[in-house]
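See below for upload-v1.cif, which holds mmCIF, C-alpha atoms.
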data_query
loop_
_atom_site.label_atom_id
_atom_site.label_comp_id
_atom_site.auth_asym_id
_atom_site.auth_seq_id
_atom_site.Cartn_x
_atom_site.Cartn_y
_atom_site.Cartn_z
CA MET A 7 293.73 219.33 158.18
CA LEU A 8 294.10 217.89 161.66
CA ARG A 9 292.04 214.83 162.48
CA LEU A 10 290.51 215.35 165.92
CA GLU A 11 288.51 212.84 167.93
CA LEU A 12 286.57 213.11 171.19
CA VAL A 13 286.42 210.37 173.79
CA ASN A 14 283.71 211.08 176.36
CA THR A 15 283.84 208.88 179.45
CA GLY A 16 281.15 208.26 182.03
CA THR A 17 278.57 205.56 182.69
CA GLU A 18 275.98 208.30 183.27
CA LEU A 19 276.41 209.39 179.64
CA CYS A 20 275.83 205.88 178.33
CA LEU A 21 272.73 205.45 180.49
CA GLY A 22 271.31 208.79 179.41
CA ASP A 23 271.25 210.09 182.98
CA THR A 24 273.42 213.01 181.90
CA ILE A 25 273.16 214.76 178.54
CA ASN A 26 276.52 215.11 176.81
CA THR A 27 276.56 218.88 176.29
CA ASN A 28 280.37 218.94 176.33
CA ALA A 29 280.60 217.24 172.93
CA ALA A 30 278.33 219.78 171.27
CA TRP A 31 280.18 222.70 172.80
CA ILE A 32 283.62 221.34 171.90
CA GLY A 33 282.42 220.67 168.36
CA GLN A 34 281.45 224.31 168.00
CA ARG A 35 284.75 225.52 169.44
CA MET A 36 286.77 223.30 167.11
CA ALA A 37 284.68 224.35 164.10
CA ALA A 38 285.64 227.94 164.88
CA LEU A 39 289.27 226.85 164.52
CA GLY A 40 288.53 225.24 161.17
CA ILE A 41 288.67 221.70 162.58
CA GLU A 42 285.83 219.23 162.11
CA VAL A 43 285.51 216.60 164.83
CA ALA A 44 286.08 213.33 162.96
CA ARG A 45 284.56 211.01 165.56
CA GLN A 46 282.92 211.08 168.99
CA THR A 47 283.06 208.06 171.26
CA ILE A 48 281.16 207.59 174.52
CA VAL A 49 282.29 204.83 176.87
CA PRO A 50 281.36 203.87 180.45
CA ASP A 51 283.76 204.29 183.34
CA GLY A 52 286.30 201.54 183.82
CA GLY A 53 288.21 199.33 181.41
CA ALA A 54 286.50 200.60 178.24
CA VAL A 55 288.26 203.95 178.70
CA ARG A 56 291.71 202.52 177.91
CA GLU A 57 290.46 200.77 174.78
CA ALA A 58 288.74 203.92 173.49
CA ILE A 59 291.83 206.09 174.01
CA GLU A 60 294.06 203.50 172.35
CA GLU A 61 291.84 203.30 169.27
CA ALA A 62 291.47 207.07 168.94
CA ALA A 63 295.17 207.80 169.43
CA ALA A 64 296.08 205.34 166.67
CA ARG A 65 293.92 207.27 164.16
CA ALA A 66 293.89 210.92 165.17
CA ASP A 67 296.27 213.87 165.32
CA VAL A 68 294.50 215.21 168.41
CA VAL A 69 292.45 213.31 171.00
CA LEU A 70 290.37 215.13 173.59
CA VAL A 71 289.26 212.91 176.47
CA SER A 72 286.68 214.19 178.96
CA GLY A 73 285.93 212.75 182.38
CA GLY A 74 287.44 210.11 184.63
CA LEU A 75 290.02 212.31 186.37
CA GLY A 76 288.39 212.36 189.79
CA PRO A 77 289.25 210.60 193.06
CA THR A 78 287.06 207.47 192.84
CA ASN A 79 288.11 203.96 191.79
CA ASP A 80 286.27 204.15 188.44
CA ASP A 81 288.12 207.35 187.47
CA VAL A 82 290.82 205.64 185.42
CA THR A 83 291.50 208.01 182.51
CA ARG A 84 294.80 209.28 183.92
CA GLU A 85 296.13 205.83 184.79
CA SER A 86 294.95 204.26 181.53
CA THR A 87 296.73 206.86 179.41
CA ALA A 88 299.94 206.53 181.41
CA GLU A 89 299.88 202.76 180.97
CA LEU A 90 299.27 203.02 177.21
CA LEU A 91 302.26 205.34 176.83
CA GLY A 92 304.46 203.42 179.29
CA LEU A 93 304.85 206.40 181.61
CA SER A 94 305.44 206.28 185.36
CA MET A 95 303.60 208.75 187.59
CA VAL A 96 304.86 211.11 190.27
CA GLN A 97 303.07 213.36 192.72
CA ASP A 98 303.10 216.94 191.44
CA ALA A 99 303.86 219.56 194.10
CA THR A 100 301.89 222.34 192.41
CA VAL A 101 298.75 220.23 192.07
CA THR A 102 299.14 219.05 195.68
CA ALA A 103 299.33 222.66 196.86
CA HIS A 104 296.21 223.49 194.83
CA LEU A 105 294.29 220.61 196.41
CA GLU A 106 295.39 221.58 199.91
CA ALA A 107 294.36 225.20 199.38
CA TYR A 108 291.05 224.13 197.83
CA PHE A 109 290.03 221.95 200.77
CA THR A 110 291.48 224.21 203.48
CA LYS A 111 289.23 226.99 202.19
CA ARG A 112 286.28 224.64 202.70
CA ASN A 113 287.50 223.45 206.12
CA LYS A 114 287.97 219.90 204.91
CA PRO A 115 291.00 217.58 205.01
CA VAL A 116 292.70 216.35 201.85
CA SER A 117 292.01 212.62 201.68
CA ALA A 118 294.31 209.99 200.19
CA ALA A 119 291.75 209.42 197.43
CA THR A 120 291.79 213.12 196.58
CA LEU A 121 295.59 213.12 196.32
CA ARG A 122 295.30 210.64 193.44
CA GLN A 123 294.50 213.70 191.35
CA ALA A 124 297.99 215.06 192.03
CA MET A 125 299.65 212.07 190.33
CA VAL A 126 301.05 213.22 186.99
CA PRO A 127 302.58 210.96 184.29
CA VAL A 128 306.20 211.84 183.57
CA GLY A 129 306.39 213.96 180.42
CA ALA A 130 302.81 215.22 180.61
CA SER A 131 301.98 218.89 181.21
CA VAL A 132 299.48 219.93 183.87
CA LEU A 133 296.51 222.00 182.69
CA GLU A 134 295.32 224.20 185.55
CA ASN A 135 291.75 223.72 186.76
CA ALA A 136 290.63 226.95 188.41
CA PHE A 137 287.10 225.68 189.01
CA GLY A 138 287.64 222.21 190.47
CA THR A 139 290.13 219.77 191.92
CA ALA A 140 291.14 217.54 189.02
CA PRO A 141 293.80 219.09 186.76
CA GLY A 142 293.85 218.41 183.06
CA LEU A 143 296.84 216.80 181.38
CA TYR A 144 298.50 217.26 177.99
CA PHE A 145 300.60 214.52 176.35
CA PRO A 146 302.59 215.82 173.35
CA ALA A 147 302.74 213.59 170.30
CA GLU A 148 306.34 212.48 170.85
CA LEU A 149 305.30 210.54 173.95
CA GLY A 150 303.47 208.06 171.71
CA ALA A 151 306.23 207.70 169.12
CA SER A 152 307.25 204.26 170.38
CA ARG A 153 303.75 203.02 169.54
CA GLY A 154 303.79 204.64 166.12
CA TRP A 155 301.31 207.29 167.20
CA HIS A 156 301.42 210.96 166.21
CA SER A 157 298.56 212.01 168.46
CA HIS A 158 298.48 214.91 170.90
CA ILE A 159 296.32 213.73 173.82
CA PHE A 160 294.43 216.03 176.19
CA LEU A 161 292.78 214.69 179.35
CA LEU A 162 290.05 217.05 180.56
CA PRO A 163 287.60 217.07 183.49
CA GLY A 164 283.97 216.20 182.84
CA PRO A 165 281.93 218.98 184.53
CA PRO A 166 281.09 221.75 182.01
CA ARG A 167 282.10 224.53 184.43
CA GLU A 168 285.59 223.00 184.54
CA ILE A 169 286.15 221.75 181.00
CA LYS A 170 285.03 224.90 179.16
CA PRO A 171 287.60 227.34 180.60
CA MET A 172 290.29 224.66 180.29
CA VAL A 173 289.54 224.16 176.58
CA GLU A 174 289.53 227.91 175.97
CA ASN A 175 292.65 228.74 177.97
CA CYS A 176 294.82 225.63 177.65
CA VAL A 177 293.70 223.44 174.74
CA GLU A 178 292.84 225.89 171.98
CA PRO A 179 296.18 227.76 172.08
CA ARG A 180 298.03 224.46 171.64
CA ILE A 181 295.77 223.38 168.80
CA ARG A 182 296.22 226.73 167.05
CA ALA A 183 299.97 226.19 167.22
CA LEU A 184 299.47 222.87 165.39
CA THR A 185 297.48 224.43 162.52
CA PRO A 186 299.35 226.75 160.13
CA ASP A 187 296.29 228.90 159.44
CA GLY A 188 294.90 228.77 162.95
CA ALA A 189 296.56 231.92 164.24
CA SER A 190 295.07 234.15 161.52
CA ARG A 191 291.64 232.53 161.54
CA GLN A 192 288.79 234.45 163.15
CA VAL A 193 285.29 233.60 164.25
CA ILE A 194 282.45 235.90 165.27
CA TYR A 195 279.18 234.88 166.88
CA LEU A 196 276.40 237.43 166.43
CA LYS A 197 273.57 236.51 168.79
CA LEU A 198 270.14 237.57 167.56
CA THR A 199 266.81 237.62 169.36
CA GLY A 200 263.26 238.44 168.33
CA ILE A 201 263.76 236.82 164.92
CA GLY A 202 263.71 233.21 163.75
CA GLU A 203 266.31 231.31 161.75
CA SER A 204 264.17 231.27 158.59
CA ASP A 205 263.80 235.05 158.65
CA ILE A 206 267.56 235.44 159.12
CA VAL A 207 268.10 233.23 156.09
CA GLU A 208 265.63 235.26 154.02
CA LYS A 209 267.11 238.63 154.97
CA ALA A 210 270.84 237.95 154.86
CA GLU A 211 271.96 234.47 153.84
CA LYS A 212 272.23 234.98 150.07
CA GLU A 213 274.48 238.00 150.54
CA LEU A 214 276.56 236.22 153.17
CA GLN A 215 277.05 233.16 150.99
CA ALA A 216 278.39 235.41 148.24
CA VAL A 217 281.37 236.49 150.38
CA PRO A 218 284.44 234.49 149.22
CA GLY A 219 286.14 232.55 152.02
CA LEU A 220 283.36 233.10 154.55
CA GLU A 221 282.06 230.08 156.48
CA LEU A 222 278.48 230.55 157.69
CA GLY A 223 276.62 228.61 160.35
CA TYR A 224 273.63 228.90 162.67
CA CYS A 225 272.95 227.63 166.17
CA ILE A 226 269.53 227.92 167.77
CA GLY A 227 269.75 228.71 171.48
CA LYS A 228 267.28 229.38 174.25
CA GLY A 229 265.12 231.98 172.57
CA ASP A 230 267.95 233.30 170.39
CA VAL A 231 269.97 232.36 167.32
CA ASP A 232 273.75 232.52 166.87
CA VAL A 233 275.01 233.47 163.43
CA ARG A 234 278.54 232.06 163.23
CA LEU A 235 280.96 233.69 160.79
CA ALA A 236 284.40 232.09 160.41
CA GLY A 237 287.40 232.50 158.14
CA GLN A 238 290.17 235.00 157.58
CA ALA A 239 289.80 238.52 158.96
CA GLY A 240 288.59 240.19 155.76
CA PRO A 241 285.68 237.89 154.89
CA VAL A 242 284.59 237.71 158.55
CA ALA A 243 284.52 241.51 158.85
CA THR A 244 282.52 241.78 155.62
CA GLY A 245 280.05 239.17 156.79
CA ALA A 246 279.61 240.79 160.19
CA GLN A 247 278.83 244.13 158.57
CA ILE A 248 276.21 242.50 156.35
CA VAL A 249 274.48 241.07 159.42
CA ARG A 250 274.63 244.45 161.16
CA ASP A 251 273.22 246.24 158.13
CA ARG A 252 270.41 243.74 157.48
CA LEU A 253 269.56 242.60 161.00
CA GLY A 254 271.01 245.22 163.32
CA GLU A 255 267.92 245.77 165.45
CA PHE A 256 267.84 242.07 166.33
CA ILE A 257 271.51 241.79 167.34
CA LEU A 258 271.67 241.06 171.04
CA SER A 259 275.43 240.64 171.45
CA GLU A 260 278.63 239.93 169.55
CA ASP A 261 280.38 238.32 172.50
CA ARG A 262 277.89 235.46 173.10
CA ARG A 263 276.24 237.15 176.09
CA VAL A 264 272.64 236.07 176.54
CA LEU A 265 269.72 238.45 176.95
CA GLU A 266 269.63 238.58 180.74
CA GLU A 267 273.34 239.43 180.82
CA VAL A 268 272.83 242.25 178.33
CA ILE A 269 269.86 243.59 180.29
CA ILE A 270 271.72 243.64 183.61
CA HIS A 271 274.79 245.22 181.99
CA THR A 272 272.73 247.93 180.26
CA LEU A 273 270.80 248.77 183.40
CA THR A 274 274.04 248.95 185.38
CA GLU A 275 275.58 251.34 182.87
CA SER A 276 272.54 253.62 182.94
CA GLY A 277 272.09 253.42 186.72
CA GLU A 278 268.46 252.33 186.34
CA TRP A 279 266.38 249.80 188.24
CA LEU A 280 264.02 247.10 186.98
CA ALA A 281 261.09 245.38 188.69
CA THR A 282 258.93 242.49 187.48
CA ALA A 283 255.35 241.36 188.03
CA GLU A 284 254.67 237.81 186.83
CA SER A 285 251.65 235.58 186.77
CA CYS A 286 251.81 232.59 184.39
CA THR A 287 255.64 232.44 184.34
CA GLY A 288 255.73 232.04 188.13
CA GLY A 289 258.97 233.99 188.69
CA TYR A 290 260.89 232.54 185.74
CA LEU A 291 261.75 236.00 184.44
CA ALA A 292 263.09 237.10 187.82
CA SER A 293 265.06 233.85 188.09
CA ARG A 294 266.78 234.44 184.76
CA LEU A 295 267.69 237.99 185.73
CA THR A 296 269.11 236.94 189.09
CA ASP A 297 271.21 234.24 187.46
CA VAL A 298 273.49 237.10 186.40
CA SER A 299 276.16 238.26 188.82
CA GLY A 300 275.58 241.87 189.81
CA ALA A 301 271.80 241.74 189.35
CA SER A 302 271.27 243.02 192.89
CA LYS A 303 272.55 246.45 191.79
CA VAL A 304 269.67 246.94 189.34
CA PHE A 305 266.90 244.49 190.31
CA GLY A 306 265.12 245.03 193.60
CA HIS A 307 261.55 243.75 193.27
CA GLY A 308 260.08 240.64 191.69
CA PHE A 309 256.38 239.98 192.30
CA VAL A 310 254.73 236.64 191.57
CA THR A 311 251.03 237.50 191.54
CA TYR A 312 249.57 234.23 190.33
CA ALA A 313 246.12 234.74 191.84
CA ASN A 314 243.81 237.66 191.09
CA GLU A 315 243.78 238.55 194.78
CA ALA A 316 247.56 238.93 194.68
CA LYS A 317 247.33 241.22 191.66
CA GLU A 318 244.88 243.41 193.56
CA LYS A 319 246.75 243.39 196.89
CA HIS A 320 250.35 243.81 195.77
CA LEU A 321 250.05 245.66 192.46
CA GLY A 322 246.84 247.61 192.95
CA VAL A 323 245.07 246.09 189.94
CA PRO A 324 241.39 247.14 190.26
CA ALA A 325 238.98 244.29 190.93
CA ASP A 326 236.48 245.59 188.39
CA LEU A 327 239.21 245.54 185.71
CA LEU A 328 239.87 241.88 186.44
CA GLN A 329 236.15 241.15 186.44
CA LEU A 330 235.49 242.99 183.17
CA HIS A 331 238.47 241.86 181.08
CA GLY A 332 239.85 238.81 182.88
CA ALA A 333 243.35 238.36 184.24
CA VAL A 334 244.73 237.50 180.80
CA SER A 335 244.13 240.77 178.99
CA GLU A 336 245.80 243.91 177.74
CA PRO A 337 244.25 246.20 180.41
CA VAL A 338 245.36 243.92 183.27
CA ALA A 339 248.89 243.58 181.88
CA ARG A 340 249.03 247.37 181.68
CA ALA A 341 247.74 247.79 185.23
CA MET A 342 250.21 245.19 186.53
CA ALA A 343 253.17 246.95 184.90
CA GLU A 344 252.15 250.41 186.07
CA GLY A 345 251.31 249.17 189.57
CA CYS A 346 254.65 247.36 189.79
CA LEU A 347 256.47 250.52 188.68
CA GLN A 348 254.73 252.60 191.35
CA VAL A 349 255.10 250.12 194.21
CA SER A 350 258.75 249.30 193.51
CA GLY A 351 260.03 252.77 192.70
CA ALA A 352 261.99 251.29 189.78
CA ASN A 353 262.71 252.96 186.44
CA HIS A 354 261.20 250.10 184.42
CA ALA A 355 258.65 247.40 185.19
CA LEU A 356 257.76 244.32 183.15
CA SER A 357 254.49 242.45 183.62
CA ILE A 358 253.42 239.05 182.32
CA THR A 359 249.94 237.50 182.39
CA GLY A 360 248.83 234.59 180.24
CA ILE A 361 247.71 230.98 179.88
CA ALA A 362 250.66 228.56 179.92
CA GLY A 363 248.42 225.59 179.04
CA PRO A 364 247.84 222.98 177.99
CA THR A 365 244.51 223.51 179.78
CA GLY A 366 242.68 226.69 180.69
CA GLY A 367 242.32 228.27 177.26
CA THR A 368 239.19 229.51 175.51
CA GLU A 369 238.29 230.15 171.88
CA GLU A 370 239.01 233.84 172.37
CA LYS A 371 242.16 233.26 174.44
CA PRO A 372 243.59 229.82 173.63
CA ALA A 373 246.33 228.23 175.70
CA GLY A 374 249.61 229.89 174.84
CA THR A 375 248.17 233.42 174.87
CA VAL A 376 250.20 235.90 176.90
CA PHE A 377 250.23 239.67 177.40
CA ILE A 378 253.47 241.44 178.32
CA GLY A 379 253.51 244.99 179.63
CA LEU A 380 256.38 247.44 179.93
CA ALA A 381 256.05 250.58 182.02
CA SER A 382 258.92 253.09 182.32
CA LEU A 383 259.24 256.42 184.10
CA GLY A 384 258.30 259.27 181.79
CA GLN A 385 257.40 256.99 178.87
CA GLU A 386 254.24 255.47 177.48
CA THR A 387 253.32 252.04 178.78
CA VAL A 388 253.42 249.40 176.05
CA VAL A 389 251.57 246.07 176.05
CA ARG A 390 252.08 243.36 173.46
CA ARG A 391 250.19 240.13 172.88
CA PHE A 392 252.12 236.94 172.04
CA PHE A 393 251.06 233.38 171.30
CA TYR A 394 253.22 230.39 172.27
CA PRO A 395 251.10 227.18 172.04
CA ILE A 396 253.91 224.91 173.28
CA SER A 397 255.01 223.08 176.43
CA ARG A 398 254.89 224.97 179.71
CA ASP A 399 258.65 225.13 180.15
CA ARG A 400 259.18 226.38 176.59
CA PHE A 401 256.30 228.85 177.06
CA LYS A 402 258.02 230.33 180.10
CA LEU A 403 261.34 230.57 178.28
CA LEU A 404 259.98 232.33 175.20
CA THR A 405 257.70 234.60 177.23
CA SER A 406 260.53 235.76 179.48
CA GLN A 407 262.71 236.25 176.38
CA ALA A 408 260.06 238.40 174.72
CA ALA A 409 259.63 240.48 177.89
CA MET A 410 263.34 241.19 178.21
CA ASP A 411 263.59 241.96 174.51
CA MET A 412 260.89 244.61 174.89
CA LEU A 413 263.02 246.28 177.56
CA ARG A 414 266.19 245.89 175.47
CA ARG A 415 264.54 247.61 172.54
CA ARG A 416 263.29 250.46 174.70
CA MET A 417 266.72 251.06 176.23
CA LYS A 418 268.27 251.07 172.74
CA GLY A 419 265.65 253.42 171.36
CA LEU A 420 264.22 250.79 168.99
CA PRO A 421 260.52 250.33 168.20
CA ILE A 422 258.87 247.84 170.55
#

Can the structure in the file be given as structure tokens, please?
Amino acid sequence: MLRLELVNTGTELCLGDTINTNAAWIGQRMAALGIEVARQTIVPDGGAVREAIEEAAARADVVLVSGGLGPTNDDVTRESTAELLGLSMVQDATVTAHLEAYFTKRNKPVSAATLRQAMVPVGASVLENAFGTAPGLYFPAELGASRGWHSHIFLLPGPPREIKPMVENCVEPRIRALTPDGASRQVIYLKLTGIGESDIVEKAEKELQAVPGLELGYCIGKGDVDVRLAGQAGPVATGAQIVRDRLGEFILSEDRRVLEEVIIHTLTESGEWLATAESCTGGYLASRLTDVSGASKVFGHGFVTYANEAKEKHLGVPADLLQLHGAVSEPVARAMAEGCLQVSGANHALSITGIAGPTGGTEEKPAGTVFIGLASLGQETVVRRFFYPISRDRFKLLTSQAAMDMLRRRMKGLPI
């Protein structure tokens, strides 16, 4: 098996100013290829970068280095690697053209510092960066033969939006070519929502573990759980069918799309519109929906009716209903959803009213209590009560997840 190491560069990572999400993501991607990351190293910008690369390259078959490819003086990853391998650098015409086009589009000149990114060590291959300025670089193992190394070295940009597509499109194909079984290996991620990891284990794990050659893993996300199935095609297909048979109603996607993406896609396919009316989540649900490209085709109204007066004025919630039951109640959630549906002219409307906490709760309605309503044209309005006695940010996340899952289930014809 290949020995693979990560070298993550950046003073901000050492100080804790930036969380190293790249390492976790790369670890998952490599695990899908059957490769376990042997070591992760984090070093600050500057001279420590060269030392870390030198140590990793002497041990590993593959070294992935992230960060330090930019235009500033402390971005030394490119130069350090060239020096270690004894390679001269030349300005690459293709990278230069990319930089010029990038900055011309933004009406900015290409500075001398920026052109540093076009310097490529002789013998290295350029890895295209479609989402930034700094290209990646690949050094095949033979370039380190004079030092007794057998390591394939990849230099990758630090920003997640740049490194992820580069790993998927440029790094993984090369690594597969280095692993005899890599080409035939498969991995499936079944994303589930509305069910916890322990319930998944109880309902399906024993049967999954009985499948010969199937590698099983879990990853808890933001209100969802990924079930990762890896191995050869036969065992993976068997495992995926087990999950579908045992947990089908909870499967959100099999292509790693998150809930808001699935909701927007489903609404687009059906030609239907959604509106939202939020109180305690303060627009968080609408924000998640509008994070998805194309949301404007299916989402036209998002009301944040935090105060009772706003619920009355914008959604038509009767004042006596608020007085009798309180804002956090099943009748008010129902009235909010139905009022939102009528005012917006949408096909579906979701309402949320609750107590995010940690203060404001009562014995009858403790902090964490929330009511979610779903009103749809020609269908019965449904209201469900949930209880999330956690931090405010986590409360908003899980509440918005539960609201969207109610809509997902309705659109799929599942019980809510």

Could you tell me which residues the PyMOL selection byres ((chain A and resi 68) around 7) grabs in this file, written as a VMD selection string? chain A and resid 9 to 11 66 to 67 69 to 70 157 to 159

Step by step, work through what the PyMOL selection byres ((chain A and resi 119) around 9) selects in the shown file, and finish by giving those residues as a PyMOL selection string. chain A and resi 76-79+116-118+120-123

With distances taken over all atoms listed in the file, which residue among A:Pro179, A:Gly245, A:Gly360, A:Gly227 lies nearest A:Glu211?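 Closest to A:Glu211 of all the choices is A:Gly245.
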
Here's the selection I'm unsure about, the PyMOL selection byres ((chain A and resi 196) around 9); applied to the file above, which residues does it give, as a compact mmCIF listing (two decimals) with C-alpha atoms, keeping the file's coordinate frame?
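Output contents, as saved in selection_13.txt:
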# COMPACT_ATOMS: atom_id res chain seq x y z
CA ILE A 194 282.45 235.90 165.27
CA TYR A 195 279.18 234.88 166.88
CA LYS A 197 273.57 236.51 168.79
CA LEU A 198 270.14 237.57 167.56
CA VAL A 231 269.97 232.36 167.32
CA ASP A 232 273.75 232.52 166.87
CA VAL A 233 275.01 233.47 163.43
CA ARG A 234 278.54 232.06 163.23
CA LEU A 235 280.96 233.69 160.79
CA ALA A 246 279.61 240.79 160.19
CA VAL A 249 274.48 241.07 159.42
CA ARG A 250 274.63 244.45 161.16
CA ILE A 257 271.51 241.79 167.34
CA LEU A 258 271.67 241.06 171.04
CA SER A 259 275.43 240.64 171.45
CA GLU A 260 278.63 239.93 169.55
CA ASP A 261 280.38 238.32 172.50
CA ARG A 262 277.89 235.46 173.10

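Taking atom CA of A:Leu21 and atom CA of A:Asp81 as endpoints, the distance between them is 17.0 Å.
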
Atom CA of A:Phe137 and atom CA of A:Pro115 are how many Å apart? 18.4 Å

Please list, as a list in words, the residues that have an atom at most 10 Å away from (297.0, 202.4, 181.0) in the coordinates of this file, counting all atoms listed in the file. Gly53, Val55, Arg56, Glu57, Ile59, Glu60, Val82, Thr83, Arg84, Glu85, Ser86, Thr87, Ala88, Glu89, Leu90, Leu91, Gly92 and Leu93 of chain A

Residues within 7 Å of A:Gly16, all atoms listed in the file, excluding chain neighbours under 4 positions, as a count of residues only: 5

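Every residue within 6 Å of the file position (255.0, 231.6, 179.5), judged by all atoms listed in the file, is given as Cys286, Thr287, Ala362, Phe401, Lys402 and Thr405 of chain A.
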
Can you write out the residues you just picked, keeping C-alpha atoms, as a PDB file, keeping the file's coordinate frame?
ATOM      1  CA  CYS A 286     251.810 232.590 184.390  1.00  0.00           C
ATOM      2  CA  THR A 287     255.640 232.440 184.340  1.00  0.00           C
ATOM      3  CA  ALA A 362     250.660 228.560 179.920  1.00  0.00           C
ATOM      4  CA  PHE A 401     256.300 228.850 177.060  1.00  0.00           C
ATOM      5  CA  LYS A 402     258.020 230.330 180.100  1.00  0.00           C
ATOM      6  CA  THR A 405     257.700 234.600 177.230  1.00  0.00           C
TER       7      THR A 405
END

Could you work out how far atom CA of A:Leu321 lies from atom CA of A:Gln385, giving the answer in Å with one decimal?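 These atoms are spaced 19.2 Å apart.
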